Amino acid sequence: MADMSLVVRGRAVVSETRHLLFSVMPGAVWIIVFLVLPSVYLMAVAFMTNGPYGQPQMPLSLESFRQLAGFGFLGWSPGNLYTLLRSLWQTLLSTVLVVIVAYPIAYYITTCREKWRPIMLLVVVVPSWTNQVIRTFGWMNLLAPGTPLSDAAQALGLIAPNMGLYPSNFAVTLGLVYNFLPFMVLPLYAAFEKLDTAQVQAAQDLYASPVRAFWHAVFPQTLPGLLAGTVLVAIPAFGMYVIPELLGGGKGMMLGNLVANQFAGSANWPLGAAGAILMLIATFAGLFAMRRIGKRLGGGEEVVI
Amino acid sequence: MTNPMPAPEVEYSDPLDDTRERDDAMPREASSIELKGLRKQFGKDMVALDGVDLTIEAGEFFTLLGPSGCGKTTLLRILAGLEDPDDGKLLIGGKDVTDIPPHRRSVNTVFQSYALFPHLSVRDNLAFGLRMRGESVAERQRKVAEVAEFIQLGSLVERRVDQLSGGQRQRIALARALVCEPNVLLLDEPLSALDAGLRGQLQVELQRIQKRLGMTFVFVTHDQDEAMVMSDRIAVLDSGIIQQVGTPSEVYEHPVNAFVARFMGHDNLFAIQRSADNWVDTDLGRLQLDAAQQRAEQQGWLLIRPETLELGGEVPPGYNRLEGIVKERLYRGSRIEYRLEINGVNLMVVTSNLGQRLHAVGDKVTVSVCPEDLVRVAA
Amino acid sequence: MKKRTLQRGLSTFWWVTIVFLYLPLLVVMLFSFNASNSAANFTGFSLRWYERLLGNEQIISAFWNSLVLAIVSSVMALVIGCLIGYGMYRHRHRKLGWLIVLIYLPIVLPDIVFGISEMAFFVSIHRHTGLLQPGLGTMIIAHVTFQIPFVALIVYSRLVGLDATLFEAAKDLYATPFKRAVHFLMPTLKPALISAFFLSFTLSIDDFVISFFTAGPESATLPIYIWGAIKKGVSPEINAIATLMIGAVAIAAVLSLMFNRKGRY
């Protein structure tokens, strides 16, 4: 009797597992075959040698990482290092600027009437639904030589006569801020909306100055949102390709362009793959760091994608 | 009954007073249920049912009563087929249905959350089971109209589910199960989400519907008052084991152990220190017992139901006599509850409010109780 | 007093930001109607750039490529993603950490890494087996890969928001597994599925980087065509295609939003 039911029970477990496999396997296999395997292959490529026609070859070596650090036939050159540093700098600068713009905007939306808030959020998000290439192209139109913005910059002596505001590092920063602003506004808005106003009022009683009240009562409560926004902005910004390619020119190149160029023009797959590994490390390190900080702050599971 | 009847939320007429001929559209083919050695375990060490043997008669209103986590809901889910037992057999109407999936059992459930389909209208909810069983459109329409009239909610059938009140949802959930004419109807705490007034009203109504249809009802609740009001028989469960099965009066007046006694709301339980054929020693002192109460086991508890105690007045010959001090008095309208202190232990006394003089806190009073009303209860 | 100054300041800042967000798009749309081909001066209204679009075979072919890619990949992702979402829900009490990691992978991977690893993989497979020649097929594969997680998460969150006893009620009311899928699961999931389809569609139309690296010579989509045109030099024709795409995406996105809102009881 007991044995019989064990058999029945075992059959039920088996059929549940089969059900799990049937439902989940097509997608899981798809992602494994078409994303995990290619990524693993790419990592392997980074440790191969560059062939005469740009295809990866045996033997295995660390040559590509040496090249990434700037060592070539002609000795060491700082070009790649500059690109790397520029990527870091652009990421940092644009993230800070995005925070500076998004913070008051997110706060302002929460002070408006409830029925307007979803519409205001929509208004902020809608531009990001358009293709990135088109949005960046819009900025090329705006910053080109002869446009009011460029004329104004010339009049102020910021740029040479007959030049436009692009290509330049400034244009890349602007493009990045423009591109990622909504990604910061949404999580910050979520944080502001949950703000415990009782704490704010208590702080206003305790601290005479509004600045100190803000710093002690409001800011800590918005930190989880800020953190989530930083993940959503900094990680994709570091790997950005389209914006520096269109707005940056040769001197505005970022890591994404360096990597992409190895697969398009210059054809050095191992070098490109090595750059991609660097990008992956940065991505996962960023995610990991944010998770750790988020856990310390408590309520760090705010990362909404 | 503890719940006084408030003004009904929905007007209804008494189905029993109905002078129309009983409609024979709803066959009353009730089934008996037999459980044999049913076991169910979740994970490694969470035993929900620990060998349950139980027989429920055809056409009975049977209640599974117990605290949360006692296994009553698991038992109900096994009856419905929503959970497979690890061991044991389940027979409905004499047929072994242990391995029959829920959609092939002639058993329907009224869920605690009602589980009405939000994407369907009330009418489509009512017709869902019939449609799944493949009944014709005409048949479906006739039965839905009939059941809607039966539960007095004919006007609601075109509504969406989210337009209904809690009480209305409850009735629709009931109707959705009834319209399938199951041999057994299972009810999983169907009244727990309703406020007290509506609850009392629906308790009476459910009982009447059951009697009228003659269907087997298995009802789950943690509320002993509800169980006593509605049931033909009650099974009290604890830790996956059936403690006692009996009619409401058996379970209330003669609980088999201290758990059942406490769960049925008894406070006056006293550990037996010594006992003989016709007396026991407790903290209250020595009390005379009816010899018929004699039980094999010597240890256990003495149960004194508070309403069997007589406060003040003459002590009839042969009665036990106790003296105590009134520590607390609760005026409940139809009755008055006193908490007395006797030899440093509490004794609850309930008297009917017949206009007699009330005792004040601090009064010294005599209490008497007939030996026949003292019940010995196993540990 | 002070508070009102702050509020007024914020309101001004809000409008400045809105101008900042919409200016590039408005400029594109405005100059698509420009009579001359100047990128700096608007000389008069004309539809000449739109007329030119119709005559450009490359654009027409890119348009069809974009459309076919978006529809085919969205439908495939809908089927696969819906299955995963349901599987994740049904087996949510099991340890599915590996599955969650797998599902988030396409979301967190930088586009460029995503694109080049697919490209490197497809090219190598093609070199050795002749299969997976870069073209519309490889693009569909890549798009389905990044759409699956979004569909799965939408379906999963819809199911989690549902009263779990509804599934049991359907079983209890004589529905066989097949009838449960047809009469309960599908109608309940319908709004979520429609919304997921539109989201997938929008994501596909919006994508440039991944398409760029997985495309073949014959399978340029509109963003790829625009990219090439920009690289050759800014032309008002680009403004016209861009304007059409802005309009199309806006409509798809609004539809997606409408269905998603209706789906929440």
# chains A, B, ... in the order shown; residues from 1 in each chain; ligands from 1
>>> residues_around(residues="range 277-285 of chain A", least_positions_apart="4", cutoff="8 Å", atoms="only C-alpha atoms", output="PyMOL selection string")
(chain A and resi 43+46+235+238-239+255+273+289) or (chain C and resi 108-110+113)
>>> write_last_selection(atoms="C-alpha atoms", output="compact mmCIF listing (two decimals), in the first residue's frame")
# COMPACT_ATOMS: atom_id res chain seq x y z
CA MET A 43 35.55 35.16 -24.32
CA ALA A 46 39.91 37.06 -26.56
CA ILE A 235 26.21 50.41 -17.03
CA PHE A 238 29.94 52.70 -20.24
CA GLY A 239 29.24 50.42 -23.22
CA LEU A 255 35.31 51.62 -25.31
CA ALA A 273 36.81 40.41 -27.61
CA ALA A 289 28.53 46.67 -6.09
CA VAL C 108 21.91 43.34 -18.45
CA LEU C 109 24.36 42.50 -21.22
CA PRO C 110 25.58 45.71 -22.92
CA VAL C 113 28.71 42.87 -26.33
>>> closest_atom_pairs(of="chain A", to="chain C", cutoff="6 Å", atoms="only C-alpha atoms", output="Markdown table")
| residue | atom | partner | partner_atom | distance |
| --- | --- | --- | --- | --- |
| A:Leu20 | CA | C:Gly87 | CA | 5.8 |
| A:Ser23 | CA | C:Leu83 | CA | 4.9 |
| A:Val24 | CA | C:Ile84 | CA | 4.5 |
| A:Gly27 | CA | C:Ile80 | CA | 5.4 |
| A:Pro38 | CA | C:Ser117 | CA | 5.1 |
| A:Ser39 | CA | C:Ser117 | CA | 5.4 |
| A:Leu42 | CA | C:Ser117 | CA | 5.5 |
| A:Thr130 | CA | C:Ile246 | CA | 5.7 |
| A:Asn131 | CA | C:Asp206 | CA | 4.5 |
| A:Gly138 | CA | C:Pro24 | CA | 4.3 |
| A:Trp139 | CA | C:Pro24 | CA | 5.5 |
| A:Thr147 | CA | C:Ala40 | CA | 5.1 |
| A:Pro236 | CA | C:Pro110 | CA | 5.9 |
| A:Gly239 | CA | C:Pro110 | CA | 6.0 |
| A:Ala276 | CA | C:Val113 | CA | 5.8 |
>>> write_last_selection(atoms="N, CA and C atoms", output="mmCIF file, in the first residue's frame")
data_model
loop_
_atom_site.group_PDB
_atom_site.id
_atom_site.type_symbol
_atom_site.label_atom_id
_atom_site.label_comp_id
_atom_site.auth_asym_id
_atom_site.auth_seq_id
_atom_site.Cartn_x
_atom_site.Cartn_y
_atom_site.Cartn_z
ATOM 1 N N LEU A 20 7.794 21.339 -16.179
ATOM 2 C CA LEU A 20 8.746 22.452 -16.062
ATOM 3 C C LEU A 20 9.633 22.495 -17.299
ATOM 4 N N SER A 23 7.751 23.703 -20.459
ATOM 5 C CA SER A 23 7.399 25.117 -20.511
ATOM 6 C C SER A 23 8.629 26.002 -20.600
ATOM 7 N N VAL A 24 9.661 25.639 -19.846
ATOM 8 C CA VAL A 24 10.787 26.550 -19.710
ATOM 9 C C VAL A 24 11.894 26.268 -20.710
ATOM 10 N N GLY A 27 12.659 28.338 -24.244
ATOM 11 C CA GLY A 27 13.266 29.651 -24.026
ATOM 12 C C GLY A 27 14.653 29.543 -23.438
ATOM 13 N N PRO A 38 27.404 32.068 -27.549
ATOM 14 C CA PRO A 38 28.157 33.118 -28.233
ATOM 15 C C PRO A 38 29.037 33.933 -27.295
ATOM 16 N N SER A 39 28.523 34.219 -26.081
ATOM 17 C CA SER A 39 29.336 35.000 -25.145
ATOM 18 C C SER A 39 30.571 34.208 -24.726
ATOM 19 N N LEU A 42 32.954 34.285 -27.483
ATOM 20 C CA LEU A 42 33.626 35.586 -27.559
ATOM 21 C C LEU A 42 34.766 35.664 -26.543
ATOM 22 N N THR A 130 11.804 56.406 -29.082
ATOM 23 C CA THR A 130 12.248 56.569 -30.461
ATOM 24 C C THR A 130 13.614 55.926 -30.628
ATOM 25 N N ASN A 131 13.927 55.546 -31.825
ATOM 26 C CA ASN A 131 15.212 54.913 -32.088
ATOM 27 C C ASN A 131 16.379 55.827 -31.705
ATOM 28 N N GLY A 138 18.942 63.858 -34.279
ATOM 29 C CA GLY A 138 18.318 65.130 -33.904
ATOM 30 C C GLY A 138 19.332 66.086 -33.298
ATOM 31 N N TRP A 139 20.176 65.576 -32.444
ATOM 32 C CA TRP A 139 21.206 66.431 -31.845
ATOM 33 C C TRP A 139 22.235 66.865 -32.877
ATOM 34 N N THR A 147 23.787 76.459 -36.867
ATOM 35 C CA THR A 147 22.555 76.431 -36.091
ATOM 36 C C THR A 147 22.639 77.470 -34.979
ATOM 37 N N PRO A 236 24.862 50.905 -19.027
ATOM 38 C CA PRO A 236 24.778 51.058 -20.493
ATOM 39 C C PRO A 236 25.601 52.233 -21.016
ATOM 40 N N GLY A 239 29.114 51.211 -21.984
ATOM 41 C CA GLY A 239 29.242 50.423 -23.220
ATOM 42 C C GLY A 239 28.654 51.122 -24.432
ATOM 43 N N ALA A 276 35.558 43.570 -24.992
ATOM 44 C CA ALA A 276 34.221 43.166 -24.552
ATOM 45 C C ALA A 276 34.273 42.543 -23.163
#
>>> select_by_dssp(residues="range 100-320 of chain B", states="strand (DSSP E or B)", output="PDB file with C-alpha atoms, in the first residue's frame")
ATOM      1  CA  VAL B 107     -17.323  17.281  -6.253  1.00  0.00           C
ATOM      2  CA  ASN B 108     -17.400  21.057  -6.236  1.00  0.00           C
ATOM      3  CA  THR B 109     -15.813  23.606  -3.967  1.00  0.00           C
ATOM      4  CA  VAL B 110     -16.772  27.029  -2.657  1.00  0.00           C
ATOM      5  CA  SER B 121     -19.588  37.955 -16.289  1.00  0.00           C
ATOM      6  CA  ARG B 160     -19.124  41.912 -13.966  1.00  0.00           C
ATOM      7  CA  VAL B 184     -20.572  16.437  -2.582  1.00  0.00           C
ATOM      8  CA  LEU B 185     -20.162  20.159  -1.969  1.00  0.00           C
ATOM      9  CA  LEU B 186     -17.015  21.368  -0.213  1.00  0.00           C
ATOM     10  CA  LEU B 187     -16.951  24.744   1.533  1.00  0.00           C
ATOM     11  CA  ASP B 188     -13.598  26.201   2.591  1.00  0.00           C
ATOM     12  CA  THR B 216     -23.571  16.140   1.221  1.00  0.00           C
ATOM     13  CA  PHE B 217     -21.843  19.295   2.531  1.00  0.00           C
ATOM     14  CA  VAL B 218     -18.325  19.262   3.944  1.00  0.00           C
ATOM     15  CA  PHE B 219     -17.667  22.566   5.635  1.00  0.00           C
ATOM     16  CA  VAL B 220     -14.333  23.817   6.971  1.00  0.00           C
ATOM     17  CA  THR B 221     -14.139  26.417   9.718  1.00  0.00           C
ATOM     18  CA  ARG B 233     -21.771  16.307  12.860  1.00  0.00           C
ATOM     19  CA  ILE B 234     -18.396  17.848  13.608  1.00  0.00           C
ATOM     20  CA  ALA B 235     -14.866  16.456  13.387  1.00  0.00           C
ATOM     21  CA  VAL B 236     -12.353  18.336  15.545  1.00  0.00           C
ATOM     22  CA  LEU B 237      -8.815  18.205  14.148  1.00  0.00           C
ATOM     23  CA  ASP B 238      -5.463  19.026  15.635  1.00  0.00           C
ATOM     24  CA  ILE B 241      -5.224  13.932  13.686  1.00  0.00           C
ATOM     25  CA  ILE B 242      -8.968  13.702  14.223  1.00  0.00           C
ATOM     26  CA  GLN B 243      -9.527  14.264  17.940  1.00  0.00           C
ATOM     27  CA  GLN B 244     -13.255  13.682  18.091  1.00  0.00           C
ATOM     28  CA  VAL B 245     -16.223  13.134  15.801  1.00  0.00           C
ATOM     29  CA  GLY B 246     -19.743  13.744  17.012  1.00  0.00           C
ATOM     30  CA  ASN B 257      -9.787  15.530  25.685  1.00  0.00           C
ATOM     31  CA  LEU B 269     -10.782  22.805  33.286  1.00  0.00           C
ATOM     32  CA  PHE B 270      -9.063  21.573  36.425  1.00  0.00           C
ATOM     33  CA  ALA B 271      -6.263  19.042  36.680  1.00  0.00           C
ATOM     34  CA  ARG B 274      -6.503  12.120  42.869  1.00  0.00           C
ATOM     35  CA  SER B 275      -9.676  10.288  42.095  1.00  0.00           C
ATOM     36  CA  TRP B 279     -15.039  11.694  43.628  1.00  0.00           C
ATOM     37  CA  VAL B 280     -12.046  13.690  42.358  1.00  0.00           C
ATOM     38  CA  ASP B 281      -9.559  16.024  43.996  1.00  0.00           C
ATOM     39  CA  THR B 282      -8.701  19.253  42.109  1.00  0.00           C
ATOM     40  CA  GLY B 285     -11.219  20.783  46.503  1.00  0.00           C
ATOM     41  CA  ARG B 286     -12.975  17.402  46.565  1.00  0.00           C
ATOM     42  CA  LEU B 287     -15.986  17.108  44.260  1.00  0.00           C
ATOM     43  CA  GLN B 288     -18.582  14.333  44.096  1.00  0.00           C
ATOM     44  CA  TRP B 301      -9.031  16.956  33.689  1.00  0.00           C
ATOM     45  CA  LEU B 302     -12.322  17.852  35.224  1.00  0.00           C
ATOM     46  CA  LEU B 303     -14.609  19.983  33.050  1.00  0.00           C
ATOM     47  CA  ILE B 304     -17.264  22.146  34.660  1.00  0.00           C
ATOM     48  CA  GLU B 310     -25.887  27.566  40.274  1.00  0.00           C
ATOM     49  CA  LEU B 311     -24.949  30.775  42.036  1.00  0.00           C
ATOM     50  CA  ASN B 320     -21.398  19.845  45.314  1.00  0.00           C
TER      51      ASN B 320
END
>>> residues_around(residues="Lys251 in chain A", least_positions_apart="6", cutoff="9 Å", atoms="only C-alpha atoms", output="short mmCIF file (atom, residue, chain, number, x, y, z; two decimals) with N, CA and C atoms, in the first residue's frame")
data_model
loop_
_atom_site.label_atom_id
_atom_site.label_comp_id
_atom_site.auth_asym_id
_atom_site.auth_seq_id
_atom_site.Cartn_x
_atom_site.Cartn_y
_atom_site.Cartn_z
N THR A 83 41.18 56.04 -24.49
CA THR A 83 39.80 55.64 -24.79
C THR A 83 39.11 55.09 -23.54
N PRO A 167 31.57 67.44 -34.07
CA PRO A 167 31.87 66.41 -33.08
C PRO A 167 32.72 66.94 -31.93
N SER A 168 32.39 66.49 -30.73
CA SER A 168 33.16 66.92 -29.57
C SER A 168 32.80 66.04 -28.38
N ASN A 169 33.64 66.08 -27.36
CA ASN A 169 33.33 65.34 -26.14
C ASN A 169 32.11 65.93 -25.46
#
>>> atom_distance(atom1="CA of Ser150 in chain A", atom2="CA of Leu165 in chain A")
5.6 Å
>>> closest_atom_pairs(of="chain B", to="chain A", cutoff="12 Å", atoms="only C-alpha atoms", output="CSV")
residue,atom,partner,partner_atom,distance
B:Lys36,CA,A:Met1,CA,11.7
B:Gly37,CA,A:Met1,CA,10.6
B:Leu38,CA,A:Ser5,CA,11.0
B:Arg39,CA,A:Ala2,CA,10.3
B:Lys40,CA,A:Arg9,CA,11.1
B:Gln41,CA,A:Arg9,CA,11.6
B:Glu83,CA,A:Ala12,CA,11.0
B:Asp84,CA,A:Arg9,CA,8.0
B:Pro85,CA,A:Ser5,CA,8.2
B:Asp86,CA,A:Ser5,CA,6.1
B:Asp87,CA,A:Ser5,CA,5.6
B:Gly88,CA,A:Met1,CA,7.8
B:Lys89,CA,A:Met1,CA,9.6
B:Thr98,CA,A:Ser5,CA,10.0
B:Asp99,CA,A:Val8,CA,8.5
B:Ile100,CA,A:Val8,CA,11.9
B:Pro101,CA,A:Ala12,CA,11.8
>>> interface_residues(of="chain C", to="chain B", cutoff="9 Å", atoms="only C-alpha atoms", output="PyMOL selection string")
chain C and resi 163-177+179-180+183-184+187-188+265
>>> select_by_dssp(residues="range 97-264 of chain C", states="helix (DSSP H, G or I)", output="PyMOL selection string")
chain C and resi 97-108+111-129+136-160+165-172+177-206+209-214+222-232+236-262
>>> atom_distance(atom1="CA of Gln273 in chain B", atom2="CA of Ala379 in chain B")
12.4 Å
>>> closest_residue(among="A:Tyr82, A:Trp269, A:Tyr189, A:Phe170", to="Val124 in chain A", atoms="only C-alpha atoms")
A:Tyr189
